[in-house]
Structure formats: structure tokens, C-alpha cells
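Colleague: My structure is in protein37.cif, and what it holds is mmCIF, C-alpha atoms and all ligand atoms:
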```
data_target
#
loop_
_atom_site.label_atom_id
_atom_site.label_comp_id
_atom_site.auth_asym_id
_atom_site.auth_seq_id
_atom_site.Cartn_x
_atom_site.Cartn_y
_atom_site.Cartn_z
CA MET A 7 112.35 113.18 112.39
CA ASP A 8 110.54 110.04 113.63
CA SER A 9 112.47 106.77 113.82
CA ARG A 10 110.32 105.07 111.15
CA LYS A 11 111.23 107.75 108.61
CA GLU A 12 114.87 107.76 109.65
CA HIS A 13 115.02 103.98 109.12
CA ALA A 14 113.32 104.24 105.69
CA LEU A 15 115.75 106.95 104.55
CA GLU A 16 118.74 104.93 105.72
CA MET A 17 117.50 101.69 104.14
CA PHE A 18 116.58 103.14 100.74
CA ALA A 19 119.85 105.06 100.52
CA GLN A 20 121.54 101.65 100.05
CA LEU A 21 119.20 99.99 97.56
CA PRO A 22 118.72 102.01 94.37
CA GLY A 23 121.64 100.59 92.38
CA SER A 24 120.06 97.14 92.17
CA TYR A 25 116.49 97.92 93.28
CA ASP A 26 114.59 97.05 90.07
CA GLU A 27 116.30 93.70 89.51
CA VAL A 28 116.40 92.55 93.14
CA ALA A 29 112.79 93.56 93.87
CA ALA A 30 111.70 91.50 90.84
CA ALA A 31 113.80 88.48 91.85
CA PHE A 32 112.71 88.53 95.51
CA SER A 33 109.02 88.65 94.51
CA PHE A 34 109.48 85.73 92.04
CA LEU A 35 108.84 88.23 89.20
CA GLN A 36 105.39 89.04 90.62
CA ASP A 37 105.95 92.73 91.39
CA GLY A 38 105.74 93.69 87.69
CA ARG A 39 102.26 92.10 87.48
CA TRP A 40 101.19 93.99 90.61
CA ARG A 41 102.40 97.34 89.27
CA LYS A 42 100.64 96.63 85.97
CA ALA A 43 97.35 95.95 87.77
CA MET A 44 97.67 99.14 89.82
CA VAL A 45 98.49 101.24 86.75
CA ALA A 46 95.50 99.73 84.89
CA ALA A 47 93.20 100.85 87.73
CA VAL A 48 94.20 104.51 87.20
CA ALA A 49 92.61 104.72 83.73
CA ALA A 50 94.13 108.16 83.03
CA ARG A 51 93.51 109.97 79.76
CA PRO A 52 96.41 111.20 77.59
CA GLY A 53 97.66 114.54 78.91
CA GLU A 54 96.15 114.15 82.39
CA ARG A 55 98.50 114.72 85.36
CA VAL A 56 99.20 111.87 87.76
CA LEU A 57 101.14 112.17 91.02
CA ASP A 58 103.19 109.01 91.73
CA VAL A 59 104.00 109.12 95.45
CA ALA A 60 106.91 106.99 96.78
CA CYS A 61 108.04 106.71 93.16
CA GLY A 62 111.40 105.22 94.12
CA THR A 63 113.38 104.44 90.98
CA GLY A 64 110.45 105.48 88.76
CA LEU A 65 109.03 102.09 87.73
CA VAL A 66 105.42 103.15 88.28
CA SER A 67 105.92 106.60 86.72
CA ALA A 68 107.32 104.96 83.56
CA ALA A 69 104.49 102.41 83.46
CA LEU A 70 101.87 105.17 83.81
CA VAL A 71 103.31 107.07 80.83
CA GLY A 72 103.66 103.87 78.79
CA ARG A 73 100.11 102.71 79.46
CA TRP A 74 98.15 105.99 79.43
CA GLY A 75 100.27 108.66 77.71
CA CYS A 76 99.72 110.90 80.74
CA GLU A 77 102.03 113.41 82.45
CA VAL A 78 103.55 112.19 85.73
CA VAL A 79 105.15 113.85 88.71
CA GLY A 80 107.11 111.29 90.75
CA LEU A 81 107.69 112.20 94.39
CA ASP A 82 109.96 110.45 96.88
CA GLN A 83 111.71 111.39 100.11
CA SER A 84 114.90 109.49 99.20
CA ALA A 85 117.47 111.45 97.19
CA ALA A 86 119.23 108.18 96.31
CA MET A 87 116.11 106.51 94.89
CA LEU A 88 115.26 109.69 92.96
CA ALA A 89 118.74 109.79 91.45
CA ARG A 90 118.11 106.37 89.89
CA ALA A 91 114.68 107.57 88.69
CA ARG A 92 116.35 110.61 87.07
CA ARG A 93 118.71 108.32 85.16
CA ARG A 94 115.74 106.24 83.94
CA VAL A 95 113.90 109.34 82.72
CA ALA A 96 116.96 110.87 81.06
CA ALA A 97 117.67 107.62 79.20
CA ASP A 98 114.20 107.33 77.67
CA PRO A 99 113.00 110.06 75.29
CA ARG A 100 109.36 108.97 75.82
CA LEU A 101 109.71 109.80 79.51
CA ALA A 102 111.96 112.85 79.34
CA GLY A 103 109.20 115.31 78.44
CA ARG A 104 106.49 113.60 80.48
CA VAL A 105 107.93 112.76 83.90
CA GLY A 106 109.01 115.34 86.49
CA LEU A 107 110.69 114.23 89.72
CA VAL A 108 110.41 115.96 93.08
CA GLN A 109 111.94 115.25 96.46
CA GLY A 110 109.27 115.47 99.16
CA GLU A 111 107.25 113.69 101.80
CA ALA A 112 103.89 112.01 101.41
CA GLU A 113 102.81 113.44 104.77
CA ALA A 114 103.22 117.06 103.58
CA LEU A 115 103.00 117.29 99.80
CA PRO A 116 104.47 120.42 98.18
CA PHE A 117 101.40 120.86 95.95
CA ALA A 118 98.18 122.87 95.94
CA ASP A 119 94.76 121.35 96.60
CA ARG A 120 93.33 119.41 93.63
CA GLU A 121 96.42 119.88 91.49
CA PHE A 122 96.38 116.35 90.04
CA ASP A 123 93.89 114.30 88.04
CA HIS A 124 94.92 110.99 89.69
CA LEU A 125 97.41 109.64 92.22
CA THR A 126 99.30 106.39 92.86
CA PHE A 127 101.39 105.26 95.79
CA THR A 128 103.47 102.10 96.21
CA TYR A 129 104.72 100.32 99.35
CA LEU A 130 104.26 103.56 101.32
CA MET A 131 102.01 103.01 104.33
CA ARG A 132 104.52 100.88 106.28
CA TYR A 133 106.80 103.92 106.40
CA VAL A 134 104.41 106.58 107.72
CA GLU A 135 103.40 107.20 111.35
CA ASP A 136 99.72 107.84 110.68
CA PRO A 137 98.26 106.18 107.55
CA GLY A 138 94.84 107.85 107.96
CA GLU A 139 96.32 111.32 108.09
CA THR A 140 98.69 110.57 105.19
CA LEU A 141 95.75 109.34 103.08
CA ARG A 142 93.91 112.61 103.73
CA GLU A 143 97.00 114.51 102.61
CA LEU A 144 97.22 112.42 99.40
CA VAL A 145 93.53 112.98 98.62
CA ARG A 146 93.90 116.72 99.17
CA VAL A 147 95.89 117.14 95.93
CA VAL A 148 93.51 115.07 93.72
CA LYS A 149 90.57 116.53 91.78
CA PRO A 150 87.09 115.19 92.56
CA GLY A 151 86.45 112.21 90.29
CA GLY A 152 90.17 111.32 90.18
CA ARG A 153 91.41 107.83 90.89
CA VAL A 154 93.72 106.89 93.75
CA ALA A 155 95.46 103.51 93.42
CA CYS A 156 98.02 101.79 95.59
CA LEU A 157 100.14 98.66 95.67
CA GLU A 158 101.39 97.01 98.84
CA PHE A 159 102.70 93.64 99.95
CA CYS A 160 100.15 91.54 101.77
CA VAL A 161 100.05 88.48 104.03
CA PRO A 162 98.67 85.28 102.48
CA THR A 163 96.04 83.38 104.44
CA GLY A 164 95.29 79.65 104.88
CA ILE A 165 97.87 77.12 103.73
CA TRP A 166 100.09 79.79 102.20
CA LEU A 167 100.68 81.70 105.45
CA TRP A 168 103.45 79.45 106.79
CA PRO A 169 105.38 79.07 103.52
CA TRP A 170 105.20 82.89 103.22
CA ARG A 171 106.47 83.29 106.79
CA LEU A 172 109.33 80.88 106.14
CA TYR A 173 110.23 82.71 102.96
CA THR A 174 110.11 86.19 104.48
CA ARG A 175 111.89 85.23 107.74
CA ILE A 176 114.58 82.90 106.34
CA GLY A 177 114.59 83.08 102.53
CA LEU A 178 114.58 86.86 102.10
CA PRO A 179 117.41 87.61 104.56
CA ALA A 180 119.47 84.73 103.09
CA LEU A 181 118.95 85.95 99.53
CA GLY A 182 119.62 89.52 100.64
CA ARG A 183 122.94 88.47 102.15
CA LEU A 184 123.99 87.21 98.70
CA VAL A 185 123.43 90.66 97.21
CA SER A 186 124.68 93.18 99.78
CA ARG A 187 124.58 94.25 103.42
CA GLY A 188 121.79 96.73 102.55
CA TRP A 189 119.63 94.02 100.97
CA TYR A 190 120.26 91.70 103.94
CA GLU A 191 118.91 94.41 106.26
CA ALA A 192 115.97 95.05 103.92
CA GLY A 193 115.29 91.29 103.70
CA ARG A 194 115.21 91.00 107.50
CA PHE A 195 112.99 94.05 107.84
CA LEU A 196 110.35 93.20 105.26
CA GLY A 197 108.41 90.24 106.76
CA PRO A 198 107.87 91.74 110.23
CA SER A 199 107.12 95.14 108.66
CA ILE A 200 104.43 93.69 106.38
CA GLU A 201 102.80 91.69 109.18
CA GLY A 202 102.98 94.74 111.46
CA LEU A 203 100.98 96.79 108.96
CA TYR A 204 98.16 94.23 108.75
CA ARG A 205 98.09 93.68 112.53
CA ALA A 206 97.50 97.39 113.05
CA TYR A 207 95.52 97.98 109.84
CA PRO A 208 93.80 94.85 108.49
CA LEU A 209 92.54 95.32 104.92
CA ALA A 210 88.98 96.15 106.09
CA ARG A 211 90.37 98.91 108.33
CA GLN A 212 92.50 100.25 105.47
CA VAL A 213 89.41 100.44 103.25
CA ALA A 214 87.60 102.32 106.05
CA LEU A 215 90.54 104.79 106.16
CA TRP A 216 90.32 105.29 102.40
CA GLU A 217 86.59 106.03 102.73
CA ALA A 218 87.14 108.36 105.67
CA ALA A 219 89.72 110.24 103.57
CA GLY A 220 87.07 110.89 100.89
CA ILE A 221 87.65 108.02 98.45
CA GLY A 222 84.57 106.09 97.29
CA ARG A 223 83.93 102.87 95.33
CA VAL A 224 87.02 101.32 96.93
CA SER A 225 88.06 97.99 95.38
CA VAL A 226 90.63 95.51 96.65
CA ARG A 227 92.42 92.88 94.54
CA ARG A 228 94.69 90.40 96.24
CA MET A 229 97.23 88.85 93.86
CA SER A 230 99.84 86.06 93.76
CA LEU A 231 98.33 83.89 96.55
CA GLY A 232 97.79 87.02 98.63
CA GLY A 233 101.43 88.21 98.56
CA GLY A 234 100.48 91.52 96.92
CA VAL A 235 97.41 93.72 97.03
CA VAL A 236 96.14 96.51 94.81
CA ILE A 237 93.59 98.96 96.25
CA TRP A 238 91.88 101.68 94.22
CA GLY A 239 88.96 104.06 94.37
CA THR A 240 87.59 107.39 93.18
CA VAL A 241 87.84 110.70 95.04
CA GLY A 242 84.61 112.39 96.10
CA VAL A 243 82.03 109.82 95.04
C1 LIG B 1 109.77 99.98 98.07
S1 LIG B 1 110.04 101.58 97.41
C2 LIG B 1 108.82 101.63 96.14
C3 LIG B 1 109.38 102.17 94.87
C4 LIG B 1 108.54 102.08 93.63
N1 LIG B 1 107.35 102.88 93.66
C5 LIG B 1 108.20 100.67 93.18
O1 LIG B 1 107.23 100.50 92.47
O2 LIG B 1 108.91 99.73 93.49
C6 LIG B 1 109.29 102.61 98.60
C7 LIG B 1 109.65 104.06 98.41
O3 LIG B 1 108.91 104.83 99.34
C8 LIG B 1 109.68 105.95 99.69
N2 LIG B 1 109.09 106.53 100.90
C9 LIG B 1 108.96 105.94 102.10
N3 LIG B 1 108.31 106.76 102.95
C10 LIG B 1 108.04 107.90 102.25
C11 LIG B 1 107.39 109.13 102.59
N4 LIG B 1 106.91 109.32 103.80
N5 LIG B 1 107.28 110.08 101.64
C12 LIG B 1 107.80 109.88 100.40
N6 LIG B 1 108.43 108.75 100.03
C13 LIG B 1 108.55 107.76 100.94
C14 LIG B 1 111.06 105.37 99.86
O4 LIG B 1 112.07 106.36 99.81
C15 LIG B 1 111.11 104.38 98.69
O5 LIG B 1 111.70 104.94 97.56
#
```
As C-alpha cells, please, write out the structure in this file.
Ligand SMILES: C[S@@+](CC[C@H](N)C(=O)[O-])C[C@H]1O[C@@H](n2cnc3c(N)ncnc32)[C@H](O)[C@@H]1O

Modeller:
Amino acid sequence: MDSRKEHALEMFAQLPGSYDEVAAAFSFLQDGRWRKAMVAAVAARPGERVLDVACGTGLVSAALVGRWGCEVVGLDQSAAMLARARRRVAADPRLAGRVGLVQGEAEALPFADREFDHLTFTYLMRYVEDPGETLRELVRVVKPGGRVACLEFCVPTGIWLWPWRLYTRIGLPALGRLVSRGWYEAGRFLGPSIEGLYRAYPLARQVALWEAAGIGRVSVRRMSLGGGVVIWGTVGV
């Protein structure tokens, strides 16, 4: 197992208990808006099947069902995050018949080619060794004409860059320390991890990877002063 994956598994094993609440607080309640924008871009029809990769505690899976009345399979490599997602699904009769949860890896999906109508992934690419190859694997399981949509943190530009750096380097670890050791580690990790992604894969390069993987009409929407970004496109056009 590569060290990036090992670190992700270790980190997320400690976060699920408070993930939904802390993620919302640390993003100044912006992450809900970002998820909503990503889910809107999917435009699924009732009954269609959507694969939600890196589903974590199931926030996106639940939002997909709520917005589109579709069927969702949520996939995540973390047993701990999936356990929280299972509790969410079991507690909500609207989700119980519509959301299935599977432990697995984005790099090697346990599904046949073109099994899904659409696909979402959230905060995933910072945890994989080869984003281009992972994107090709994600596209493999989507039918031609299906939408792929993702949400990721982003790095603000201009006057907001330094306040963002201060917040991610000092504010996030300090807030994390108030919650738990696990959130302190996650708070310290996040800023450098986000900047690392955009140093290696600036947005224009990410769009080129999406296109190379077979996704057309790629759109990018930066949100909340550039702190979040939603990317979406259509397979095979
Ligand atoms: C920050 S959480 C995102 C959870 C959720 N989708 C949300 O909206 O907040 C990132 C998730 O990605 C999962 N993950 C990271 N790398 C993965 C991989 N290679 N394959 C599958 N899941 C992965 C982690 O286990 C974690 O649950």
C-alpha cells in the first residue's frame, strides 16, 4: 500500500464521529453550498444509478437522493467512514431503499464497464497517486452521456491567498486541537495538501486530465472566494 493511501486510511479512521459537524464548521458552513452545487450539476433522472466515490459519511449520497430521486451506490475505502454512512442510511427511510454502500478503492472499482448513469467524487484526488489514471478508472464505469461531477477544496488567488494561508496553517490546526487529536492532525495536513494538489495539477491541467479521460464539455465553478471548486462534464461527448 502506498504511503498516501496509508495516511488517508489512518486519518479518516479517526474522524467519522464528528465529521459532518466539524467539516461544516471549519469551512464556515460553505461545504454544504459546495455539495449542493455539485449535486445540481449531476441532473440525474429519478431511478437512474449514480456512483458516489469517496462517499465518506454519505452526505453527497443523501443529497443526490433528496435532489434527484435517483439510486446511489456510495463507495469509500474507509470502513470507519462507511460505518457512519450506514447509520445515516439506516436512520432515514427515504435513503434505506435507495442507497447501497460498498467498501472499495477509486483506483480499482469493483464494477463493470458502464454500470452507472452518472458519477460524483468528493475531496478524492489529493489521496490518489495518479489522478489521470484514477479519472480513467472512474469514467470506465459511466455510460456515454453520463455526468461526472466533483468537489474539491481550492486555493484562493489575489488578496484572499494570504488570509487563506493564515487560516489553513494556523487557524485550522488550532481549531482542530479543540476538537480532538485526529482533527488537529487533519487540520495540519489540509493546507499543505490542498496547495500540493494545485502545484502539481493546476485547474487547467486537471481539466486537461478530465478531457483525456473521455469527459467533454468540462465546466469549472470556483466558489466562496476560491476556497472550493466544483468541476463537471459529460462522458463521451
Ligand atoms: C473528506 S472525505 C469526503 C467525504 C464526503 N464525500 C463529503 O462530502 O464530505 C474524503 C473521503 O475519501 C475517501 N478516500 C480517500 N481516498 C480514497 C480512495 N482512493 N478510494 C476510495 N475512497 C477514498 C476517504 O476515506 C474519505 O472518506

Colleague: Which residue, A:Val148, A:Leu101, A:Arg175, A:Gly193, has the smallest gap to ligand LIG 1 (chain B) when you use all atoms listed in the file?

Modeller: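 Looking at the shortest contact to ligand LIG 1 (chain B), the residue is A:Gly193.
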
Colleague: In Å to one decimal, how far is atom CA of Arg51 of chain A from atom CA of Leu209 of chain A?

Modeller: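 Atom CA of Leu209 of chain A sits 29.1 Å away from atom CA of Arg51 of chain A.
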
Colleague: Can you write out as JSON lines which residues of chain A fall within 7 Å of ligand LIG 1 (chain B), alongside each residue's closest atom pair and its distance in Å to one decimal, counting all atoms listed in the file and ordering rows by chain and ascending residue number?

Modeller:
```
{"residue": "A:Lys11", "atom": "CA", "partner": "B:LIG1", "partner_atom": "N3", "distance": 6.4}
{"residue": "A:Ala14", "atom": "CA", "partner": "B:LIG1", "partner_atom": "C9", "distance": 5.9}
{"residue": "A:Leu15", "atom": "CA", "partner": "B:LIG1", "partner_atom": "O4", "distance": 6.0}
{"residue": "A:Phe18", "atom": "CA", "partner": "B:LIG1", "partner_atom": "O4", "distance": 5.6}
{"residue": "A:Arg41", "atom": "CA", "partner": "B:LIG1", "partner_atom": "O1", "distance": 6.6}
{"residue": "A:Val59", "atom": "CA", "partner": "B:LIG1", "partner_atom": "C12", "distance": 6.3}
{"residue": "A:Ala60", "atom": "CA", "partner": "B:LIG1", "partner_atom": "O3", "distance": 3.9}
{"residue": "A:Cys61", "atom": "CA", "partner": "B:LIG1", "partner_atom": "N1", "distance": 3.9}
{"residue": "A:Gly62", "atom": "CA", "partner": "B:LIG1", "partner_atom": "O5", "distance": 3.5}
{"residue": "A:Thr63", "atom": "CA", "partner": "B:LIG1", "partner_atom": "C4", "distance": 6.0}
{"residue": "A:Gly64", "atom": "CA", "partner": "B:LIG1", "partner_atom": "C4", "distance": 6.2}
{"residue": "A:Leu65", "atom": "CA", "partner": "B:LIG1", "partner_atom": "O1", "distance": 5.3}
{"residue": "A:Val66", "atom": "CA", "partner": "B:LIG1", "partner_atom": "O1", "distance": 5.3}
{"residue": "A:Leu81", "atom": "CA", "partner": "B:LIG1", "partner_atom": "C12", "distance": 6.4}
{"residue": "A:Asp82", "atom": "CA", "partner": "B:LIG1", "partner_atom": "N6", "distance": 3.9}
{"residue": "A:Gln83", "atom": "CA", "partner": "B:LIG1", "partner_atom": "C12", "distance": 4.2}
{"residue": "A:Ser84", "atom": "CA", "partner": "B:LIG1", "partner_atom": "O4", "distance": 4.3}
{"residue": "A:Met87", "atom": "CA", "partner": "B:LIG1", "partner_atom": "O5", "distance": 5.4}
{"residue": "A:Gly110", "atom": "CA", "partner": "B:LIG1", "partner_atom": "C12", "distance": 5.9}
{"residue": "A:Glu111", "atom": "CA", "partner": "B:LIG1", "partner_atom": "N5", "distance": 3.6}
{"residue": "A:Ala112", "atom": "CA", "partner": "B:LIG1", "partner_atom": "N5", "distance": 3.9}
{"residue": "A:Glu113", "atom": "CA", "partner": "B:LIG1", "partner_atom": "N4", "distance": 5.9}
{"residue": "A:Phe127", "atom": "CA", "partner": "B:LIG1", "partner_atom": "N1", "distance": 6.8}
{"residue": "A:Thr128", "atom": "CA", "partner": "B:LIG1", "partner_atom": "N1", "distance": 4.7}
{"residue": "A:Tyr129", "atom": "CA", "partner": "B:LIG1", "partner_atom": "C6", "distance": 5.2}
{"residue": "A:Leu130", "atom": "CA", "partner": "B:LIG1", "partner_atom": "O3", "distance": 5.2}
{"residue": "A:Tyr133", "atom": "CA", "partner": "B:LIG1", "partner_atom": "N3", "distance": 4.7}
{"residue": "A:Val134", "atom": "CA", "partner": "B:LIG1", "partner_atom": "N4", "distance": 5.4}
```

Colleague: Which of these residues is nearest to Thr174 of chain A, using all atoms listed in the file: A:Ala91, A:Ile200, A:Ala31, A:Cys156?

Modeller: A:Ile200

Colleague: Need to verify the contact set: Leu231 of chain A, 10 Å, all atoms listed in the file, exclusion of same-chain residues closer than 5 positions in sequence. Can you return it as a PyMOL selection string?

Modeller: chain A and resi 160-167+170

Colleague: Go through A:Val226, A:Pro198, A:Leu181, A:Asp123 and flag the residue nearest Phe32 of chain A, using all atoms listed in the file for the distances.

Modeller: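 Closest residue, counting all atoms listed in the file: A:Leu181.
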
Colleague: List the neighbours of Val56 of chain A out to 9 Å using all atoms listed in the file; skip same-chain residues closer than 4 positions along the sequence, and give me the result as JSON, numbers by chain.

Modeller: {"A": [48, 50, 67, 70, 76, 77, 78, 79, 80, 122, 123, 124, 125, 126, 148]}

Colleague: Pick out the residues sitting within 9 Å of Asp119 of chain A, and hand them over as an MDAnalysis selection string; count only C-alpha atoms, and ignore anything fewer than 6 positions along from it in its own chain.

Modeller: chainID A and resid 145:149

Colleague: For the atom pair atom CA of Asp8 of chain A and atom CA of Glu135 of chain A, what is the interatomic distance in Å to one decimal place?

Modeller: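 One can read the atom CA of Asp8 of chain A to atom CA of Glu135 of chain A distance as 8.0 Å.
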
Colleague: Between atom CA of Gly23 of chain A and atom CA of Ala96 of chain A, what is the distance in Å, rounded to a tenth?

Modeller: 16.0 Å

Colleague: Tell me which of A:Val213, A:Glu143, A:Trp40, A:Tyr207 sits closest to Gly232 of chain A, counting all atoms listed in the file.

Modeller: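 Of all the options, A:Trp40 lies closest to Gly232 of chain A.
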
Colleague: Determine, counting only C-alpha atoms, which protein, DNA and RNA residues have an atom within 10 Å of an atom of Leu196 of chain A; residues of the same chain fewer than 5 positions away are not included. Present the result as a compact mmCIF listing (two decimals) with C-alpha atoms, in the frame of the given file.

Modeller:
```
# COMPACT_ATOMS: atom_id res chain seq x y z
CA ARG A 132 104.52 100.88 106.28
CA PHE A 159 102.70 93.64 99.95
CA THR A 174 110.11 86.19 104.48
CA ARG A 175 111.89 85.23 107.74
CA LEU A 178 114.58 86.86 102.10
CA PRO A 179 117.41 87.61 104.56
CA GLU A 191 118.91 94.41 106.26
CA GLU A 201 102.80 91.69 109.18
CA GLY A 202 102.98 94.74 111.46
```

Colleague: Here is a test: counting all atoms listed in the file, which residue of A:Ala192, A:Leu141, A:Val154, A:Ala97 is nearest to Ala47 of chain A?

Modeller: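 Going through A:Ala192, A:Leu141, A:Val154, A:Ala97 one by one, the smallest distance to Ala47 of chain A is for A:Val154.
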
Colleague: Nearest residue to Tyr25 of chain A out of A:Gly222, A:Gly239, A:Gly182, A:Gly233, using all atoms listed in the file?

Modeller: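 Looking at the shortest contact to Tyr25 of chain A, the residue is A:Gly182.
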
Colleague: Could you complete segment 130-141 of chain A so that it carries N, CA and C atoms, and give it back as an mmCIF file, in the coordinates of the input?

Modeller:
```cif
data_model
loop_
_atom_site.group_PDB
_atom_site.id
_atom_site.type_symbol
_atom_site.label_atom_id
_atom_site.label_comp_id
_atom_site.auth_asym_id
_atom_site.auth_seq_id
_atom_site.Cartn_x
_atom_site.Cartn_y
_atom_site.Cartn_z
ATOM 1 N N LEU A 130 104.013 102.342 100.544
ATOM 2 C CA LEU A 130 104.260 103.560 101.320
ATOM 3 C C LEU A 130 103.820 103.456 102.777
ATOM 4 N N MET A 131 102.656 102.837 103.026
ATOM 5 C CA MET A 131 102.010 103.010 104.330
ATOM 6 C C MET A 131 102.786 102.391 105.491
ATOM 7 N N ARG A 132 103.703 101.450 105.195
ATOM 8 C CA ARG A 132 104.520 100.880 106.280
ATOM 9 C C ARG A 132 105.564 101.865 106.778
ATOM 10 N N TYR A 133 105.745 102.962 106.042
ATOM 11 C CA TYR A 133 106.800 103.920 106.400
ATOM 12 C C TYR A 133 106.256 105.209 107.001
ATOM 13 N N VAL A 134 104.931 105.323 107.163
ATOM 14 C CA VAL A 134 104.410 106.580 107.720
ATOM 15 C C VAL A 134 103.826 106.314 109.110
ATOM 16 N N GLU A 135 103.864 107.337 109.964
ATOM 17 C CA GLU A 135 103.400 107.200 111.350
ATOM 18 C C GLU A 135 101.886 107.038 111.409
ATOM 19 N N ASP A 136 101.178 107.820 110.572
ATOM 20 C CA ASP A 136 99.720 107.840 110.680
ATOM 21 C C ASP A 136 99.101 107.670 109.284
ATOM 22 N N PRO A 137 98.789 106.418 108.900
ATOM 23 C CA PRO A 137 98.260 106.180 107.550
ATOM 24 C C PRO A 137 96.984 106.963 107.234
ATOM 25 N N GLY A 138 96.096 107.124 108.218
ATOM 26 C CA GLY A 138 94.840 107.850 107.960
ATOM 27 C C GLY A 138 95.110 109.296 107.585
ATOM 28 N N GLU A 139 95.996 109.915 108.358
ATOM 29 C CA GLU A 139 96.320 111.320 108.090
ATOM 30 C C GLU A 139 97.045 111.450 106.742
ATOM 31 N N THR A 140 97.956 110.522 106.465
ATOM 32 C CA THR A 140 98.690 110.570 105.190
ATOM 33 C C THR A 140 97.716 110.410 104.018
ATOM 34 N N LEU A 141 96.734 109.507 104.165
ATOM 35 C CA LEU A 141 95.750 109.340 103.080
ATOM 36 C C LEU A 141 94.992 110.641 102.831
#
```
